[in-house]
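The structure file start.txt is reproduced below (compact mmCIF, C-alpha atoms).
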```
# COMPACT_ATOMS: atom_id res chain seq x y z
CA MET M 1 -7.12 -4.15 18.61
CA THR M 2 -7.88 -5.15 22.17
CA GLU M 3 -6.92 -3.21 25.25
CA ALA M 4 -5.22 -6.24 26.76
CA ALA M 5 -3.05 -6.82 23.71
CA HIS M 6 -1.47 -3.34 23.60
CA PRO M 7 -2.20 -1.23 26.70
CA GLU M 8 -0.57 1.91 25.37
CA PRO M 9 -1.28 5.64 25.02
CA GLU M 10 -3.69 6.82 22.33
CA PRO M 11 -1.98 6.13 18.97
CA ARG M 12 -1.18 8.97 16.66
CA THR M 13 0.45 9.40 13.32
CA PRO M 14 3.77 11.15 13.89
CA THR M 15 5.09 14.12 12.01
CA PRO M 16 8.78 13.32 11.77
CA ARG M 17 11.22 16.17 11.33
CA PRO M 18 13.23 15.74 8.12
CA GLY M 19 16.99 15.58 7.99
CA GLY M 20 19.84 14.82 10.35
CA ARG M 21 19.44 12.67 13.43
CA SER M 22 15.65 12.77 13.24
CA ALA M 23 15.68 11.17 9.79
CA ARG M 24 18.14 8.52 10.98
CA VAL M 25 16.03 7.73 14.03
CA ARG M 26 12.91 7.43 11.90
CA ALA M 27 14.63 5.14 9.39
CA GLU M 28 15.90 2.86 12.16
CA VAL M 29 12.51 2.74 13.87
CA VAL M 30 10.67 2.01 10.61
CA ALA M 31 13.13 -0.78 9.78
CA ALA M 32 12.73 -2.27 13.25
CA THR M 33 8.95 -2.04 13.05
CA LEU M 34 8.91 -3.85 9.71
CA ALA M 35 11.20 -6.57 11.03
CA GLU M 36 9.14 -7.06 14.18
CA VAL M 37 5.73 -7.09 12.51
CA THR M 38 7.03 -9.52 9.88
CA ALA M 39 8.37 -11.87 12.51
CA LYS M 40 5.59 -11.62 15.09
CA GLY M 41 2.51 -10.08 13.48
CA TYR M 42 0.40 -7.33 14.99
CA ASP M 43 -0.42 -9.25 18.16
CA GLY M 44 3.26 -9.79 18.92
CA LEU M 45 4.37 -6.27 18.05
CA THR M 46 5.50 -4.21 21.06
CA VAL M 47 7.15 -0.86 21.55
CA GLU M 48 9.73 -2.53 23.76
CA ALA M 49 10.78 -4.95 21.00
CA VAL M 50 11.04 -2.15 18.45
CA ALA M 51 13.11 -0.13 20.92
CA THR M 52 15.48 -3.04 21.48
CA ARG M 53 15.85 -3.80 17.77
CA SER M 54 16.30 -0.16 16.72
CA GLY M 55 18.43 0.96 19.65
CA ILE M 56 16.07 3.90 20.23
CA HIS M 57 14.78 4.37 23.77
CA LYS M 58 11.16 3.37 24.21
CA ALA M 59 10.35 6.75 25.77
CA THR M 60 11.25 8.35 22.44
CA LEU M 61 9.01 5.88 20.62
CA TYR M 62 6.05 6.61 22.86
CA ARG M 63 6.63 10.36 22.60
CA ARG M 64 6.92 10.46 18.80
CA TRP M 65 4.80 7.50 17.70
CA GLY M 66 2.39 7.02 20.59
CA GLY M 67 2.46 3.19 20.49
CA VAL M 68 2.41 0.27 18.09
CA ASP M 69 -0.39 1.67 15.94
CA GLY M 70 1.57 4.85 15.32
CA LEU M 71 4.60 2.76 14.44
CA VAL M 72 2.62 0.72 11.92
CA ALA M 73 1.08 3.88 10.44
CA ASP M 74 4.45 5.56 10.00
CA ALA M 75 5.93 2.45 8.39
CA LEU M 76 3.18 2.73 5.78
CA THR M 77 3.81 6.45 5.36
CA ALA M 78 7.51 5.78 4.83
CA SER M 79 6.66 3.10 2.27
CA ALA M 80 4.41 5.50 0.37
CA ASP M 81 7.30 7.97 0.20
CA GLN M 82 9.49 5.47 -1.66
CA PRO M 83 9.72 6.01 -5.43
CA TRP M 84 7.82 3.54 -7.60
CA PRO M 85 9.23 3.25 -11.13
CA LEU M 86 6.31 3.01 -13.52
CA PRO M 87 6.16 1.10 -16.81
CA ASP M 88 6.00 3.01 -20.08
CA ALA M 89 5.37 0.47 -22.82
CA GLY M 90 3.34 2.87 -24.96
CA ASP M 91 0.23 0.73 -24.48
CA LEU M 92 -2.18 0.96 -21.54
CA GLN M 93 -2.96 -2.74 -21.38
CA GLU M 94 0.71 -3.70 -21.25
CA ASP M 95 1.45 -1.01 -18.64
CA LEU M 96 -1.38 -2.28 -16.43
CA ARG M 97 -0.20 -5.85 -16.88
CA ARG M 98 3.25 -4.85 -15.67
CA ILE M 99 1.77 -3.10 -12.63
CA THR M 100 -0.39 -6.06 -11.64
CA GLN M 101 2.51 -8.43 -12.32
CA GLU M 102 4.65 -6.42 -9.90
CA VAL M 103 1.97 -6.64 -7.20
CA PHE M 104 1.65 -10.37 -7.82
CA SER M 105 5.41 -10.91 -7.79
CA VAL M 106 6.03 -8.98 -4.59
CA PHE M 107 3.22 -10.46 -2.51
CA THR M 108 3.81 -14.05 -3.61
CA ASP M 109 7.60 -13.94 -3.28
CA PRO M 110 8.66 -16.08 -0.29
CA GLU M 111 11.28 -13.53 0.76
CA LEU M 112 9.67 -10.21 -0.21
CA GLY M 113 6.01 -10.99 0.41
CA PRO M 114 5.82 -11.54 4.18
CA THR M 115 6.72 -7.94 5.10
CA PRO M 116 4.10 -6.02 3.08
CA THR M 117 1.53 -8.71 3.88
CA ALA M 118 2.19 -8.40 7.61
CA LEU M 119 2.21 -4.59 7.47
CA ILE M 120 -1.11 -4.34 5.64
CA SER M 121 -2.68 -6.93 7.93
CA ALA M 122 -1.46 -5.01 10.98
CA ALA M 123 -2.76 -1.71 9.61
CA GLN M 124 -6.26 -3.15 9.39
CA ARG M 125 -6.30 -3.70 13.15
CA SER M 126 -6.63 -0.07 14.25
CA ASP M 127 -8.25 3.17 13.12
CA VAL M 128 -4.95 5.02 12.79
CA GLY M 129 -3.44 2.13 10.85
CA ALA M 130 -6.45 1.90 8.56
CA ALA M 131 -6.25 5.63 7.86
CA ALA M 132 -2.57 5.30 6.99
CA LEU M 133 -3.36 2.35 4.75
CA ARG M 134 -5.98 4.38 2.86
CA ALA M 135 -3.49 7.19 2.44
CA PHE M 136 -0.84 4.73 1.25
CA PHE M 137 -3.06 3.27 -1.47
CA ALA M 138 -4.34 6.72 -2.47
CA ALA M 139 -0.75 7.92 -2.93
CA ARG M 140 0.19 4.84 -4.94
CA HIS M 141 -2.90 5.18 -7.15
CA ARG M 142 -2.20 8.87 -7.77
CA GLN M 143 1.36 8.06 -8.76
CA ALA M 144 0.42 5.15 -11.01
CA ALA M 145 -2.34 7.21 -12.64
CA GLU M 146 0.39 8.50 -14.92
CA VAL M 147 0.10 5.39 -17.11
CA ALA M 148 -3.54 6.24 -17.84
CA GLU M 149 -2.77 9.92 -18.30
CA GLN M 150 -0.17 8.98 -20.91
CA ALA M 151 -2.78 6.80 -22.60
CA VAL M 152 -5.13 9.79 -22.74
CA ALA M 153 -2.36 11.88 -24.29
CA ARG M 154 -1.83 9.19 -26.94
CA GLY M 155 -5.55 9.20 -27.74
CA GLU M 156 -5.93 5.69 -26.40
CA LEU M 157 -8.41 6.71 -23.67
CA PRO M 158 -11.19 9.31 -23.55
CA ALA M 159 -10.32 12.74 -22.25
CA GLY M 160 -10.97 13.15 -18.55
CA THR M 161 -10.35 9.50 -17.71
CA ASP M 162 -9.68 9.10 -13.99
CA GLY M 163 -6.27 7.45 -14.02
CA ALA M 164 -6.31 6.56 -10.33
CA GLU M 165 -9.59 4.70 -10.81
CA VAL M 166 -8.13 2.78 -13.74
CA VAL M 167 -5.21 1.61 -11.60
CA ARG M 168 -7.51 0.85 -8.68
CA ALA M 169 -9.68 -1.31 -10.93
CA ALA M 170 -6.63 -3.22 -12.16
CA THR M 171 -5.14 -3.94 -8.74
CA ALA M 172 -8.24 -4.34 -6.56
CA PRO M 173 -8.94 -7.96 -7.60
CA LEU M 174 -5.42 -8.90 -6.49
CA TYR M 175 -5.74 -7.28 -3.07
CA TYR M 176 -9.19 -8.84 -2.66
CA ARG M 177 -7.68 -12.30 -3.02
CA LEU M 178 -4.69 -11.48 -0.86
CA PHE M 179 -6.49 -9.86 2.07
CA VAL M 180 -10.22 -10.65 1.87
CA SER M 181 -11.14 -13.95 0.25
CA GLY M 182 -7.87 -15.80 0.70
CA GLU M 183 -8.22 -17.30 -2.78
CA PRO M 184 -4.98 -18.23 -4.52
CA LEU M 185 -3.38 -15.56 -6.67
CA ASP M 186 -1.54 -16.49 -9.85
CA ALA M 187 0.01 -14.66 -12.79
CA ARG M 188 -2.97 -15.28 -15.05
CA THR M 189 -5.35 -13.73 -12.52
CA ALA M 190 -3.10 -10.66 -12.32
CA GLU M 191 -3.00 -10.40 -16.10
CA ARG M 192 -6.77 -10.81 -16.42
CA ALA M 193 -7.38 -8.01 -13.89
CA ALA M 194 -5.19 -5.67 -15.91
CA ASP M 195 -6.91 -6.60 -19.16
CA ALA M 196 -10.38 -6.03 -17.68
CA ALA M 197 -9.38 -2.59 -16.38
CA ALA M 198 -7.87 -1.62 -19.74
CA LEU M 199 -11.01 -2.74 -21.58
CA ALA M 200 -13.25 -0.78 -19.21
CA ALA M 201 -11.07 2.31 -19.49
CA ARG M 202 -11.12 2.22 -23.28
CA ALA M 203 -14.91 1.90 -23.18
CA GLY M 204 -15.05 5.16 -21.21
CA LEU M 205 -16.20 3.73 -17.87
CA PHE M 206 -13.69 5.91 -15.98
CA ALA M 207 -14.38 9.09 -17.95
CA PRO M 208 -16.96 11.72 -16.99
CA THR M 209 -20.38 11.31 -18.60
CA THR M 210 -23.17 13.82 -19.04
CA THR M 211 -25.98 11.36 -19.57
CA ALA M 212 -26.91 8.15 -17.83
CA PRO M 213 -26.33 4.98 -19.84
CA GLU M 214 -29.36 3.32 -21.35
CA VAL M 215 -30.61 0.14 -19.70
CA ASN M 216 -32.04 -2.36 -22.14
```
Using structure tokens, write down the structure that the file contains.
Amino acid sequence: MTEAAHPEPEPRTPTPRPGGRSARVRAEVVAATLAEVTAKGYDGLTVEAVATRSGIHKATLYRRWGGVDGLVADALTASADQPWPLPDAGDLQEDLRRITQEVFSVFTDPELGPTPTALISAAQRSDVGAAALRAFFAARHRQAAEVAEQAVARGELPAGTDGAEVVRAATAPLYYRLFVSGEPLDARTAERAADAAALAARAGLFAPTTTAPEVN
């Protein structure tokens, strides 16, 4: 972020008060932030535009969110709070395939994809946004870890397998293409990432070890 682009107070991550008018205000501001960042990107995002779109006075936005970076961060926090139905196919590889297929489908959908793509790109532009993005992915990985934990319970994976790491390994190649390399992402790539993570998990790469592996 440059000073000239957004000359605003020091950004902060808000602590919204649950319930009642506060919850309604937050929902309207988050929706307006998502719409604005999708349409204009980080460089075109302003508190004034969010205030106009949401109908919430800009003084309230500055007081509670501190500026555009706080708005972006809270949009991510709100997204992390949304429930994420997880697959339960009774097979780790299939569950991971369904997770990576969902990521692929959302980010490559012409209607659905632009908003999460713009939000993640905006979050990478500031320290407070980046921190919120890390927290968002950590929450998603913790939630999705259940598919690996179920696999452990079935005896499909070694005891102590780190479920969050399994999910991270499955989805990381997709996010790398989407936000780092810019390489095209297709369904086969998403499937292959899931298969590789399942294979590694079954081999015990995400389980605790007491001895270092031999190097031949």
(message) I'd like to know which of M:Val37, M:Ala123, M:Ala172, M:Ala89 is closest to M:Ala148, using all atoms listed in the file.
(response)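 Once distances to M:Ala148 are computed over all atoms listed in the file, the minimum belongs to M:Ala89.
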Inset, instruction - Could you give me, as a list in words, the residues that sit within 8 Å of (7.3, -5.9, 18.9) in the file's coordinates, counting all atoms listed in the file? - result: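 Collected hits near the coordinates: Thr33, Glu36, Val37, Lys40, Gly44, Leu45, Thr46, Val47, Glu48, Ala49, Val50 and Val68 of chain M.
For M:Leu71, the residues within 8 Å (counting only C-alpha atoms, excluding itself and residues fewer than 6 positions away along the chain) are Thr13, Val29, Val30, Thr33 and Trp65 of chain M.
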(request) Using all atoms listed in the file, pick whichever of M:His141, M:Arg98, M:Arg188, M:Arg64 has the shortest atom-to-atom distance to M:Glu165. (result)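 Closest candidate: M:His141.
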- Task: Kindly indicate which residue among M:Ile56, M:Leu92, M:Ala170, M:Ala193 lies nearest to M:Ala153, using only C-alpha atoms for the distances.
- Result: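 Under the stated criterion, the closest residue is M:Leu92.
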- prompt: Neighbours of M:Ala196 within 12 Å (all atoms listed in the file; same-chain residues fewer than 3 positions away dropped), as a PyMOL selection string?
  reply: chain M and resi 92-94+96-97+100+166-173+189-193+199-203+205
Please save C-alpha atoms of the selected residues as a compact mmCIF listing (two decimals), in the coordinates of the input.
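To be explicit, this is the file written out as again.txt:
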```
# COMPACT_ATOMS: atom_id res chain seq x y z
CA LEU M 92 -2.18 0.96 -21.54
CA GLN M 93 -2.96 -2.74 -21.38
CA GLU M 94 0.71 -3.70 -21.25
CA LEU M 96 -1.38 -2.28 -16.43
CA ARG M 97 -0.20 -5.85 -16.88
CA THR M 100 -0.39 -6.06 -11.64
CA VAL M 166 -8.13 2.78 -13.74
CA VAL M 167 -5.21 1.61 -11.60
CA ARG M 168 -7.51 0.85 -8.68
CA ALA M 169 -9.68 -1.31 -10.93
CA ALA M 170 -6.63 -3.22 -12.16
CA THR M 171 -5.14 -3.94 -8.74
CA ALA M 172 -8.24 -4.34 -6.56
CA PRO M 173 -8.94 -7.96 -7.60
CA THR M 189 -5.35 -13.73 -12.52
CA ALA M 190 -3.10 -10.66 -12.32
CA GLU M 191 -3.00 -10.40 -16.10
CA ARG M 192 -6.77 -10.81 -16.42
CA ALA M 193 -7.38 -8.01 -13.89
CA LEU M 199 -11.01 -2.74 -21.58
CA ALA M 200 -13.25 -0.78 -19.21
CA ALA M 201 -11.07 2.31 -19.49
CA ARG M 202 -11.12 2.22 -23.28
CA ALA M 203 -14.91 1.90 -23.18
CA LEU M 205 -16.20 3.73 -17.87
```
Under the rule of at most 12 Å, produce a per-residue listing of stretch 117-162 of chain M near stretch 105-108 of chain M: chain, number, name, the closest pair of atoms, and the distance in Å, as JSON lines, using all atoms listed in the file.
```
{"residue": "M:Thr117", "atom": "CA", "partner": "M:Phe107", "partner_atom": "CA", "distance": 6.8}
{"residue": "M:Ala118", "atom": "CA", "partner": "M:Phe107", "partner_atom": "CA", "distance": 10.4}
{"residue": "M:Leu119", "atom": "CA", "partner": "M:Phe107", "partner_atom": "CA", "distance": 11.6}
{"residue": "M:Ile120", "atom": "CA", "partner": "M:Phe107", "partner_atom": "CA", "distance": 11.1}
```
_What's the separation between atom CA of M:Gln143 and atom CA of M:Ala80, in Å to one decimal place?_
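Value for the atom CA of M:Gln143-atom CA of M:Ala80 distance: 10.0 Å.
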So that I can check the surroundings of M:Asp69, please list as a count of residues only every protein, DNA and RNA residue that reaches within 7 Å of it, counting all atoms listed in the file and ignoring chain neighbours fewer than 4 positions away. 5
- Task: In Å, rounded to a single decimal, give me how far atom CA of M:Tyr62 is from atom CA of M:Tyr42.
- Result: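 Straight-line distance from atom CA of M:Tyr42 to atom CA of M:Tyr62 works out to 17.0 Å.
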re atom CA of M:Val147 and atom CA of M:Phe104: distance 18.4 Å
* For M:Ala197, which residue out of M:Gly90, M:Gly66, M:Pro184, M:Gly163 is the nearest one, using only C-alpha atoms? ->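 Answer, going by the shortest atom-to-atom distance: M:Gly163.
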Next item on the list: Extract, using only C-alpha atoms, all DNA, RNA and protein residues at most 12 Å from M:Ala139, discarding same-chain residues fewer than 3 positions from it, and format them as a list in words.
Entry: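 The contact residues come out as Leu76, Thr77, Ala78, Ser79, Ala80, Asp81, Gln82, Pro83, Trp84, Ala132, Leu133, Arg134, Ala135, Phe136, Arg142, Gln143, Ala144, Ala145, Ala164, Val167 and Arg168 of chain M.
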Given the selection you just returned, output its residues as a file containing C-alpha atoms, formatted as a PDB file, keeping the file's coordinate frame.
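Ended up saving to part-v7.pdb:
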```
ATOM      1  CA  LEU M  76       3.180   2.730   5.780  1.00  0.00           C
ATOM      2  CA  THR M  77       3.810   6.450   5.360  1.00  0.00           C
ATOM      3  CA  ALA M  78       7.510   5.780   4.830  1.00  0.00           C
ATOM      4  CA  SER M  79       6.660   3.100   2.270  1.00  0.00           C
ATOM      5  CA  ALA M  80       4.410   5.500   0.370  1.00  0.00           C
ATOM      6  CA  ASP M  81       7.300   7.970   0.200  1.00  0.00           C
ATOM      7  CA  GLN M  82       9.490   5.470  -1.660  1.00  0.00           C
ATOM      8  CA  PRO M  83       9.720   6.010  -5.430  1.00  0.00           C
ATOM      9  CA  TRP M  84       7.820   3.540  -7.600  1.00  0.00           C
ATOM     10  CA  ALA M 132      -2.570   5.300   6.990  1.00  0.00           C
ATOM     11  CA  LEU M 133      -3.360   2.350   4.750  1.00  0.00           C
ATOM     12  CA  ARG M 134      -5.980   4.380   2.860  1.00  0.00           C
ATOM     13  CA  ALA M 135      -3.490   7.190   2.440  1.00  0.00           C
ATOM     14  CA  PHE M 136      -0.840   4.730   1.250  1.00  0.00           C
ATOM     15  CA  ARG M 142      -2.200   8.870  -7.770  1.00  0.00           C
ATOM     16  CA  GLN M 143       1.360   8.060  -8.760  1.00  0.00           C
ATOM     17  CA  ALA M 144       0.420   5.150 -11.010  1.00  0.00           C
ATOM     18  CA  ALA M 145      -2.340   7.210 -12.640  1.00  0.00           C
ATOM     19  CA  ALA M 164      -6.310   6.560 -10.330  1.00  0.00           C
ATOM     20  CA  VAL M 167      -5.210   1.610 -11.600  1.00  0.00           C
ATOM     21  CA  ARG M 168      -7.510   0.850  -8.680  1.00  0.00           C
TER      22      ARG M 168
END
```
